[in-house]
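Peer 1: Structure below; questions to follow.
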Amino acid sequence: MHMDFIKITEQTSHYDNLENKPITEILTEINLEDRKIALAVEKTIPAIEKLVDGIVKRMKRGGRIFYIGAGTSGRLGVLDASEVPPTFGMPPTYVIGLIAGGEKALRNPVEQAEDNYQLGWDELQKHGINKNDTLIGIAASGTTPYVIGALRNARIKGILTGAISCNPNSPVANEAEIKIEPIVGPEYVTGSTRMKSGTAQKMVLNMITTATMIKIGRVKGNRMVNMQLTNQKLVDRGTKMIIDELGLSYEQAHNLLLLHGSVKAATDSYKDDNK
């Protein structure tokens, strides 16, 4: 383990006797701690930029993003991956989240799954991970063997690697080419990294995939023109985007959207037909 490594995420909370506090005080104190998160993430923007730049270059060659993690960190990776297809209209094979213990671990702890150094890499092999892909390890503590082993093997194979951890100079980060370390401090409930650390990781993941999708052309202006039309709310949103873009009536725009299946396809087709 790295000699300078300090587990800030496990340090004692700045607050005590929590069970004796009024609810308002508990909520106010949690909120005070949460204000530190965006500032911690802000400091990591240069590292996030470097990672996104590398991802975009690879995705334009057909590459994918793999997230790998355990517990809360693993769930956050799976969550972010699952939100990319409906938001940006990408096939689910382009951003893939792996969690120690598999599907069961999304809802229930799986004993010792995260302690296996080789398991993460073995699972990545099943997806045919290669040099066009990017592997991002997520570990609030920065010590998860499942993530460390996967990053180490990927880096040896020349795959771009990034790590998101909330402790400085962690073993996980030291296995990755690009370290993203939002240091949010001790948790309100000592060691409960589902709180500030989890929120920081979610913010970073949002930034990575959103910036990447924008740069590979999945957003136009500021709009999700490739979103999947999975419910009436999204159909209505898409219809209004087409109205704003083309000046059609609601009915015309609605019919055009349903015909083509996405805002981008609908507007592109209409413009081609009316040149």
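We label chains A, B, ... in the order they appear in the structure tokens, count residues from 1 in each chain, and number ligands from 1 in the order shown.
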Quick one: everything within 6 Å of range 55-68 of chain A, counting only C-alpha atoms, minus sequence neighbours fewer than 2 positions away in the same chain. Send it as a ChimeraX atom specification.
Peer 2: /A:52-53,77,94-99,132-137,212
Peer 1: Next, dump the selected residues to file, keeping only C-alpha atoms, as a PDB file, in the first residue's frame.
Peer 2:
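So part07.pdb came out as:
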ATOM      1  CA  VAL A  52     -12.821  12.636 -21.501  1.00  0.00           C
ATOM      2  CA  ASP A  53     -10.439  13.715 -24.266  1.00  0.00           C
ATOM      3  CA  GLY A  77     -21.226   2.964 -12.355  1.00  0.00           C
ATOM      4  CA  TYR A  94     -21.106   1.473 -25.498  1.00  0.00           C
ATOM      5  CA  VAL A  95     -21.078   2.244 -21.769  1.00  0.00           C
ATOM      6  CA  ILE A  96     -20.967  -0.853 -19.565  1.00  0.00           C
ATOM      7  CA  GLY A  97     -21.035  -1.007 -15.772  1.00  0.00           C
ATOM      8  CA  LEU A  98     -19.598  -4.002 -13.930  1.00  0.00           C
ATOM      9  CA  ILE A  99     -20.164  -4.537 -10.205  1.00  0.00           C
ATOM     10  CA  ASN A 132     -10.030   1.236 -28.181  1.00  0.00           C
ATOM     11  CA  ASP A 133     -11.849   0.985 -24.847  1.00  0.00           C
ATOM     12  CA  THR A 134     -11.479   2.913 -21.585  1.00  0.00           C
ATOM     13  CA  LEU A 135     -11.673   1.373 -18.114  1.00  0.00           C
ATOM     14  CA  ILE A 136     -12.726   3.557 -15.179  1.00  0.00           C
ATOM     15  CA  GLY A 137     -12.324   2.115 -11.701  1.00  0.00           C
ATOM     16  CA  THR A 212     -18.303  12.602 -23.966  1.00  0.00           C
TER      17      THR A 212
END
Peer 1: Skipping near chain neighbours, those fewer than 3 positions away, what residues fall within 8 Å of Ile8 in chain A using only C-alpha atoms, listed as a PyMOL selection string?
Peer 2: chain A and resi 11+166-167+183+185-186
Peer 1: Just N, CA and C atoms for this one: save the residues we selected as a JSON list (two decimals), in the first residue's frame.
Peer 2:
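Saved as out_1.json:
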[["chain", "number", "residue", "atom", "x", "y", "z"],
["A", 11, "GLN", "N", -12.12, 8.61, 8.37],
["A", 11, "GLN", "CA", -11.84, 9.41, 9.56],
["A", 11, "GLN", "C", -13.13, 9.78, 10.29],
["A", 166, "CYS", "N", -12.07, 8.92, -3.40],
["A", 166, "CYS", "CA", -12.20, 10.09, -2.53],
["A", 166, "CYS", "C", -11.13, 10.15, -1.46],
["A", 167, "ASN", "N", -10.06, 9.39, -1.67],
["A", 167, "ASN", "CA", -8.87, 9.47, -0.81],
["A", 167, "ASN", "C", -7.66, 9.80, -1.70],
["A", 183, "ILE", "N", -11.68, 15.07, -2.93],
["A", 183, "ILE", "CA", -11.48, 14.82, -1.50],
["A", 183, "ILE", "C", -12.53, 15.61, -0.71],
["A", 185, "GLY", "N", -13.67, 14.87, 2.44],
["A", 185, "GLY", "CA", -13.52, 14.86, 3.89],
["A", 185, "GLY", "C", -14.31, 13.75, 4.57],
["A", 186, "PRO", "N", -14.23, 13.68, 5.89],
["A", 186, "PRO", "CA", -14.95, 12.64, 6.65],
["A", 186, "PRO", "C", -16.46, 12.73, 6.41]]
Peer 1: Got a sec: who's within 12 Å of Leu119 in chain A, counting only C-alpha atoms, leaving out chain neighbours fewer than 3 positions off, as a PyMOL selection string?
Peer 2: chain A and resi 68-70+98-102+112-116+122-126+144-151+153
Peer 1: Restricting the calculation to only C-alpha atoms, which member of A:Pro22, A:Gly158, A:Ile45, A:Glu10 is positioned closest to Met203 in chain A?
Peer 2: A:Ile45
Peer 1: Could you give me, as a VMD selection string, the residues within 12 Å of Thr267 in chain A, counting only C-alpha atoms and dropping anything in the same chain fewer than 3 positions from it?
Peer 2: chain A and resid 220 225 to 226 238 to 248 252 to 264 270 to 274
Peer 1: For a test of reading the model, state the distance in Å between CA of Ile48 in chain A and CA of Gln118 in chain A, rounded to one decimal.
Peer 2: 26.8 Å
Peer 1: Tell me, which residues of range 70-228 of chain A carry DSSP helix (DSSP H, G or I), written as a ChimeraX atom specification?
Peer 2: /A:71-88,102-106,113-115,119-126,145-156,171-174,196-215
Peer 1: Compare A:Ala47, A:Ala211, A:Ala140, A:Ile159 by their minimum atom-to-atom distance to Arg194 in chain A, counting only C-alpha atoms, and give me the closest one.
Peer 2: A:Ala140
